[in-house]
$ cat run_36.txt   # compact mmCIF, C-alpha atoms
# COMPACT_ATOMS: atom_id res chain seq x y z
CA ALA A 1 -17.05 -6.15 -20.66
CA LEU A 2 -18.81 -4.51 -17.72
CA GLY A 3 -22.04 -4.47 -19.72
CA GLY A 4 -21.55 -7.94 -21.19
CA HIS A 5 -21.04 -6.76 -24.75
CA SER A 6 -18.71 -9.46 -26.01
CA THR A 7 -18.89 -8.31 -29.64
CA ILE A 8 -17.49 -4.90 -28.75
CA VAL A 9 -14.86 -6.50 -26.51
CA GLU A 10 -13.77 -8.69 -29.42
CA TYR A 11 -13.61 -5.69 -31.76
CA MET A 12 -11.45 -3.72 -29.30
CA ILE A 13 -9.10 -6.70 -28.95
CA GLN A 14 -8.70 -6.79 -32.72
CA LEU A 15 -7.72 -3.11 -32.53
CA GLY A 16 -5.03 -3.88 -29.94
CA ALA A 17 -6.66 -3.97 -26.51
CA ASN A 18 -4.77 -6.72 -24.71
CA ASP A 19 -5.12 -6.13 -20.97
CA PHE A 20 -7.05 -9.33 -20.52
CA ASN A 21 -6.78 -9.23 -16.73
CA THR A 22 -8.56 -5.89 -16.48
CA ILE A 23 -11.20 -6.94 -18.98
CA ALA A 24 -11.83 -10.12 -17.01
CA ASP A 25 -12.11 -8.15 -13.76
CA PHE A 26 -14.77 -5.84 -15.18
CA ALA A 27 -16.69 -8.71 -16.74
CA ALA A 28 -16.64 -10.60 -13.42
CA GLU A 29 -18.00 -7.57 -11.60
CA ASN A 30 -21.27 -7.77 -13.50
CA GLY A 31 -21.42 -11.54 -13.83
CA HIS A 32 -20.46 -12.05 -17.47
CA ILE A 33 -18.88 -15.46 -17.21
CA ALA A 34 -18.51 -16.00 -20.96
CA ILE A 35 -16.27 -12.93 -21.25
CA VAL A 36 -14.33 -13.97 -18.16
CA ASN A 37 -13.69 -17.43 -19.62
CA ASP A 38 -12.68 -15.93 -22.95
CA MET A 39 -10.16 -13.60 -21.28
CA ILE A 40 -8.67 -16.51 -19.31
CA GLN A 41 -8.25 -18.47 -22.52
CA ARG A 42 -6.43 -15.46 -23.97
CA GLY A 43 -4.07 -15.27 -20.98
CA ALA A 44 -5.78 -13.56 -18.05
CA ASN A 45 -4.30 -15.03 -14.89
CA ASN A 46 -5.44 -12.74 -12.07
CA LEU A 47 -7.80 -15.43 -10.86
CA ILE A 48 -7.95 -14.25 -7.24
CA SER A 49 -8.87 -10.72 -8.37
CA ILE A 50 -11.62 -12.14 -10.58
CA ALA A 51 -12.85 -14.20 -7.65
CA PHE A 52 -12.93 -11.15 -5.35
CA ARG A 53 -14.90 -9.14 -7.91
CA ALA A 54 -17.38 -11.98 -8.28
CA ALA A 55 -17.71 -12.38 -4.49
CA ILE A 56 -18.28 -8.68 -3.91
CA THR A 57 -21.03 -8.55 -6.51
CA GLY A 58 -22.54 -11.94 -5.68
CA HIS A 59 -21.77 -13.97 -8.80
CA LEU A 60 -21.32 -17.46 -7.39
CA ASP A 61 -20.99 -19.11 -10.81
CA ILE A 62 -17.86 -17.10 -11.65
CA LEU A 63 -16.50 -17.66 -8.18
CA GLU A 64 -16.94 -21.42 -8.50
CA ALA A 65 -15.20 -21.32 -11.88
CA MET A 66 -12.20 -19.59 -10.30
CA ILE A 67 -12.10 -22.15 -7.49
CA ARG A 68 -12.02 -24.94 -10.07
CA LEU A 69 -9.00 -23.19 -11.57
CA GLY A 70 -7.18 -23.21 -8.24
CA VAL A 71 -8.29 -20.19 -6.20
CA ASN A 72 -8.47 -21.29 -2.57
CA ASP A 73 -8.25 -18.21 -0.34
CA PHE A 74 -11.67 -18.93 1.06
CA ASP A 75 -11.31 -16.59 4.04
CA ALA A 76 -10.51 -13.55 1.89
CA ILE A 77 -13.35 -14.38 -0.47
CA ALA A 78 -15.78 -14.79 2.43
CA ILE A 79 -14.71 -11.43 3.85
CA SER A 80 -15.30 -9.72 0.49
CA ALA A 81 -18.71 -11.35 0.17
CA ALA A 82 -19.63 -10.40 3.75
CA ARG A 83 -18.87 -6.74 3.14
CA SER A 84 -21.36 -6.77 0.28
CA GLY A 85 -23.98 -8.84 2.09
CA HIS A 86 -23.81 -12.12 0.16
CA LEU A 87 -24.60 -14.67 2.85
CA ASP A 88 -24.85 -17.56 0.38
CA ILE A 89 -21.25 -17.02 -0.73
CA VAL A 90 -20.05 -16.61 2.85
CA GLN A 91 -21.66 -19.90 3.83
CA ASP A 92 -20.25 -21.65 0.76
CA MET A 93 -16.74 -20.45 1.62
CA ILE A 94 -17.16 -21.69 5.20
CA ARG A 95 -18.16 -25.10 3.85
CA ARG A 96 -14.96 -25.04 1.80
CA GLY A 97 -12.81 -24.14 4.82
CA ALA A 98 -13.04 -20.43 5.66
CA ARG A 99 -12.49 -20.02 9.40
CA ASN A 100 -11.77 -16.32 9.95
CA PHE A 101 -15.20 -15.80 11.45
CA MET A 102 -14.37 -12.59 13.32
CA ASP A 103 -13.05 -10.78 10.23
CA ILE A 104 -16.10 -11.94 8.31
CA ALA A 105 -18.33 -10.59 11.10
CA ILE A 106 -16.70 -7.15 11.32
CA ASN A 107 -16.75 -6.70 7.56
CA ALA A 108 -20.45 -7.50 7.59
CA ALA A 109 -21.00 -5.15 10.54
CA ILE A 110 -19.32 -2.12 8.98
CA THR A 111 -21.64 -2.32 5.97
CA GLY A 112 -24.72 -3.11 8.02
CA HIS A 113 -25.21 -6.76 7.06
CA ARG A 114 -26.32 -7.83 10.47
CA LEU A 115 -27.59 -11.27 9.46
CA ILE A 116 -24.12 -12.33 8.33
CA ALA A 117 -22.60 -11.07 11.58
CA GLU A 118 -25.23 -13.00 13.52
CA VAL A 119 -24.42 -16.18 11.61
CA MET A 120 -20.72 -15.66 12.40
CA SER A 121 -21.62 -15.33 16.08
CA GLN A 122 -23.00 -18.88 15.86
CA HIS A 123 -19.48 -19.88 14.80
CA GLY A 124 -17.96 -18.16 17.83
CA ALA A 125 -17.44 -14.60 16.57
CA ASN A 126 -18.92 -12.92 19.63
CA ASP A 127 -16.46 -10.15 20.44
CA TYR A 128 -19.27 -7.63 20.68
CA ASN A 129 -16.92 -4.77 21.50
CA THR A 130 -15.02 -5.09 18.23
CA ILE A 131 -18.15 -5.70 16.20
CA ALA A 132 -19.79 -2.64 17.80
CA VAL A 133 -16.83 -0.46 16.82
CA TYR A 134 -17.15 -1.52 13.19
CA ALA A 135 -20.91 -1.10 13.23
CA ALA A 136 -20.38 2.39 14.66
CA MET A 137 -17.89 3.22 11.92
CA GLY A 138 -20.54 2.30 9.38
CA GLY A 139 -23.23 4.31 11.12
CA HIS A 140 -25.54 1.44 12.04
CA LEU A 141 -27.29 2.81 15.10
CA ARG A 142 -29.75 0.02 15.85
CA TYR A 143 -27.06 -2.62 15.58
CA VAL A 144 -24.74 -0.68 17.89
CA ARG A 145 -27.56 -0.28 20.39
CA ASP A 146 -28.27 -4.01 20.31
CA LEU A 147 -24.59 -4.91 20.76
CA ILE A 148 -24.37 -2.63 23.79
CA LEU A 149 -27.37 -4.40 25.27
CA ARG A 150 -25.57 -7.71 24.65
CA GLY A 151 -22.55 -6.52 26.58
CA ALA A 152 -20.39 -4.25 24.42
CA ASN A 153 -18.92 -1.72 26.81
CA ASN A 154 -15.87 -0.13 25.18
CA PHE A 155 -17.86 3.08 25.05
CA ASN A 156 -14.99 5.47 24.32
CA GLU A 157 -13.87 3.50 21.29
CA ILE A 158 -17.39 3.01 19.94
CA ALA A 159 -18.16 6.73 20.33
CA SER A 160 -14.82 7.80 18.87
CA TYR A 161 -15.13 5.69 15.74
CA ALA A 162 -18.67 6.91 15.28
CA ALA A 163 -17.40 10.47 15.70
CA ILE A 164 -14.58 10.23 13.16
CA ASN A 165 -17.19 9.17 10.60
CA GLY A 166 -19.72 11.82 11.62
CA HIS A 167 -22.37 9.56 13.14
CA THR A 168 -23.75 11.93 15.77
CA ALA A 169 -26.72 9.73 16.67
CA ILE A 170 -24.42 6.87 17.65
CA VAL A 171 -22.28 9.15 19.79
CA GLU A 172 -25.44 10.30 21.56
CA GLU A 173 -26.64 6.71 21.95
CA VAL A 174 -23.37 5.65 23.56
CA MET A 175 -23.55 8.58 25.98
CA ARG A 176 -26.97 7.37 27.09
CA HIS A 177 -25.27 4.24 28.38
CA SER A 178 -22.07 5.68 29.82
CA VAL A 179 -19.92 8.73 30.35
CA VAL A 180 -17.33 8.98 27.58
CA ASP A 181 -13.98 10.74 27.24
CA PHE A 182 -15.15 13.96 25.63
CA ASN A 183 -11.60 14.92 24.67
CA MET A 184 -11.04 11.63 22.86
CA VAL A 185 -14.34 11.80 21.01
CA ALA A 186 -13.74 15.45 20.07
CA ALA A 187 -10.26 14.64 18.75
CA TYR A 188 -11.61 11.83 16.55
CA ALA A 189 -14.42 14.05 15.30
CA ALA A 190 -11.89 16.78 14.51
CA ARG A 191 -9.79 14.34 12.53
CA GLY A 192 -12.86 13.43 10.50
CA GLY A 193 -13.89 17.06 10.02
CA HIS A 194 -17.17 16.88 11.93
CA SER A 195 -17.61 20.23 13.65
CA VAL A 196 -21.05 19.48 15.09
CA ILE A 197 -19.62 16.67 17.20
CA VAL A 198 -16.53 18.70 18.10
CA ASN A 199 -18.70 21.53 19.38
CA ALA A 200 -20.98 19.15 21.27
CA MET A 201 -18.03 17.54 23.05
CA ILE A 202 -16.49 20.91 23.96
CA GLN A 203 -19.81 22.08 25.36
CA ARG A 204 -19.92 18.90 27.46
CA GLY A 205 -16.44 19.50 28.85
CA ALA A 206 -13.74 18.62 26.31
CA ASN A 207 -10.89 21.04 26.91
CA ASN A 208 -7.80 19.53 25.28
CA PHE A 209 -7.92 22.27 22.70
CA ASN A 210 -4.40 21.84 21.35
CA GLU A 211 -4.95 18.15 20.60
CA ILE A 212 -8.35 18.75 19.03
CA ALA A 213 -6.97 21.52 16.82
CA ALA A 214 -3.85 19.50 15.99
CA PHE A 215 -5.85 16.47 14.84
CA ALA A 216 -8.05 18.72 12.72
CA ALA A 217 -4.97 20.34 11.19
CA GLU A 218 -3.33 17.00 10.43
CA SER A 219 -6.40 16.06 8.37
CA GLY A 220 -6.61 19.46 6.69
CA HIS A 221 -9.67 20.87 8.49
CA LEU A 222 -8.76 24.51 9.05
CA PHE A 223 -12.38 25.43 9.76
CA ILE A 224 -12.31 23.19 12.83
CA VAL A 225 -9.05 24.77 14.00
CA ASP A 226 -10.85 28.12 13.76
CA GLU A 227 -13.85 26.66 15.58
CA VAL A 228 -11.65 25.48 18.46
CA MET A 229 -10.09 28.95 18.69
CA ARG A 230 -13.51 30.34 19.52
CA TYR A 231 -13.20 28.54 22.86
CA SER A 232 -9.52 28.91 23.68
CA GLU A 233 -6.09 30.03 22.56
CA ILE A 234 -4.09 27.25 20.95
CA ASP A 235 -0.42 26.52 20.40
CA PHE A 236 0.18 27.56 16.79
CA ASP A 237 3.51 25.70 16.70
CA VAL A 238 1.86 22.41 17.65
CA VAL A 239 -0.94 22.89 15.15
CA ALA A 240 1.50 23.89 12.39
CA ALA A 241 3.62 20.80 13.07
CA PHE A 242 0.60 18.49 12.78
CA ALA A 243 -0.53 20.27 9.61
CA ALA A 244 2.95 19.78 8.16
CA ARG A 245 2.82 16.09 9.04
CA GLY A 246 -0.42 15.84 7.08
CA GLY A 247 0.95 17.85 4.16
CA HIS A 248 -1.43 20.79 4.50
CA LEU A 249 0.64 23.77 3.45
CA HIS A 250 -2.23 26.25 3.65
CA ILE A 251 -2.70 25.50 7.36
CA VAL A 252 1.04 25.71 8.02
CA GLU A 253 1.14 29.11 6.34
CA GLU A 254 -1.91 30.26 8.30
CA MET A 255 -0.38 29.17 11.62
CA ILE A 256 2.85 30.99 10.75
CA ARG A 257 0.81 34.06 9.92
CA ARG A 258 -0.80 33.78 13.35
CA GLY A 259 2.53 33.39 15.17
CA ALA A 260 4.03 29.88 14.78
CA ARG A 261 7.83 30.15 14.87
CA ASP A 262 9.15 26.64 15.59
CA PHE A 263 10.27 26.15 12.01
CA ASN A 264 12.56 23.21 12.78
CA ARG A 265 9.65 21.29 14.27
CA ILE A 266 7.51 22.08 11.25
CA ILE A 267 10.26 20.96 8.85
CA LEU A 268 10.92 17.74 10.77
CA ASN A 269 7.24 16.79 10.76
CA ALA A 270 6.92 17.55 7.06
CA ALA A 271 10.08 15.59 6.24
CA TYR A 272 9.01 12.64 8.37
CA SER A 273 5.86 12.29 6.29
CA GLY A 274 7.57 12.99 3.00
CA HIS A 275 6.13 16.43 2.31
$ encode --input "run_36.txt" --output "structure tokens"
Amino acid sequence: ALGGHSTIVEYMIQLGANDFNTIADFAAENGHIAIVNDMIQRGANNLISIAFRAAITGHLDILEAMIRLGVNDFDAIAISAARSGHLDIVQDMIRRGARNFMDIAINAAITGHRLIAEVMSQHGANDYNTIAVYAAMGGHLRYVRDLILRGANNFNEIASYAAINGHTAIVEEVMRHSVVDFNMVAAYAARGGHSVIVNAMIQRGANNFNEIAAFAAESGHLFIVDEVMRYSEIDFDVVAAFAARGGHLHIVEEMIRRGARDFNRIILNAAYSGH
């Protein structure tokens, strides 16, 4: 179905394949409308899923077919199309009634489809701070820089979301415009496992070593915990508790080996998260 081979699809159905919804989804993903229509005639009824697949991959003909069959979540479809950069589909959904311009804009921004975000700004989606955060998450340096020049100034949040995703250049760009909270940025970088940014923030003055190590432990990054310990002693009980919350037994065991003894706290954090 994904490759459009209807003869093979038909043969598999004769042998017992009967998940028509899944077959239709895969066919929609690559634009094979004949297979999609055939699966619907056989009983496929996940029309909104088919529409999303078509929107994400830019197949307007399939999308229009699903709309004729009753799909009308135009905002959700526009958001899916925006994330994949299909401006024509976004504009068509707006003509049909999509009005969630800000969500469309941020989904375009995170994947770097600046033109769509710009079109949404013409519709009033001009919260540059939020758009800059999403552009930073996606690693789109030039777009972040432009949004800052337009007025985005939530520098800590922009830098932190760049840091958690490892986008060092964006962190550096933000710091050219403003002082940032080095501890906050380091903690986000630690959570994402990005030691280069963690080290850079510590060298600039981040000193909340327990929090940085704890966030690293919660995400399973023992190597960053060890990196932090090069600069300072840390509270092994705190780090073990966060590791337990994240389900990382190897870090819990390592912290116990190094001296963690607050077993009740470790157990409570593990139980709270279902580990």
$ residues_around --input "run_36.txt" --residues "A:Met255" --least-positions-apart "2" --cutoff "8 Å" --atoms "all atoms listed in the file" --output "list in words"
Phe236, Asp237, Val239, Ala240, Ile251, Val252, Glu253, Arg257, Arg258, Gly259 and Ala260 of chain A
$ closest_residue --input "run_36.txt" --among "A:Gly85, A:Gly138, A:Gly166, A:Gly112" --to "A:Ala189" --atoms "only C-alpha atoms"
A:Gly166
$ residues_around --input "run_36.txt" --residues "A:Glu10" --least-positions-apart "3" --cutoff "12 Å" --atoms "all atoms listed in the file" --output "list in words"
Ala1, Gly4, His5, Ser6, Thr7, Ile13, Gln14, Leu15, Gly16, Ala17, Asn18, Phe20, Ile23, Ile35, Asp38, Met39 and Arg42 of chain A
$ atom_distance --input "run_36.txt" --atom1 "atom CA of A:Gly193" --atom2 "atom CA of A:Ala163"
9.4 Å
$ residues_around --input "run_36.txt" --residues "A:Ile148" --least-positions-apart "3" --cutoff "12 Å" --atoms "all atoms listed in the file" --output "number ranges by chain"
A: 127-133, 135-136, 141-145, 151-155, 158-159, 170, 173-178
$ atom_distance --input "run_36.txt" --atom1 "atom CA of A:His59" --atom2 "atom CA of A:Gln122"
25.2 Å
$ atom_distance --input "run_36.txt" --atom1 "atom CA of A:Ala186" --atom2 "atom CA of A:Asp235"
17.3 Å
$ residues_near_point --input "run_36.txt" --point "(-16.4, -19.6, 12.7)" --cutoff "12 Å" --atoms "all atoms listed in the file" --output "number ranges by chain"
A: 75, 78, 90-91, 93-95, 97-105, 116-126
$ residues_near_point --input "run_36.txt" --point "(-22.8, 12.7, 12.7)" --cutoff "9 Å" --atoms "only C-alpha atoms" --output "list in words"
Gly139, Ala162, Ala163, Ile164, Asn165, Gly166, His167, Thr168, Ala169, Ile170, Val171, Ala189, His194, Val196 and Ile197 of chain A
$ closest_residue --input "run_36.txt" --among "A:Arg114, A:Met229, A:Leu47, A:Ile33" --to "A:Arg68" --atoms "all atoms listed in the file"
A:Leu47
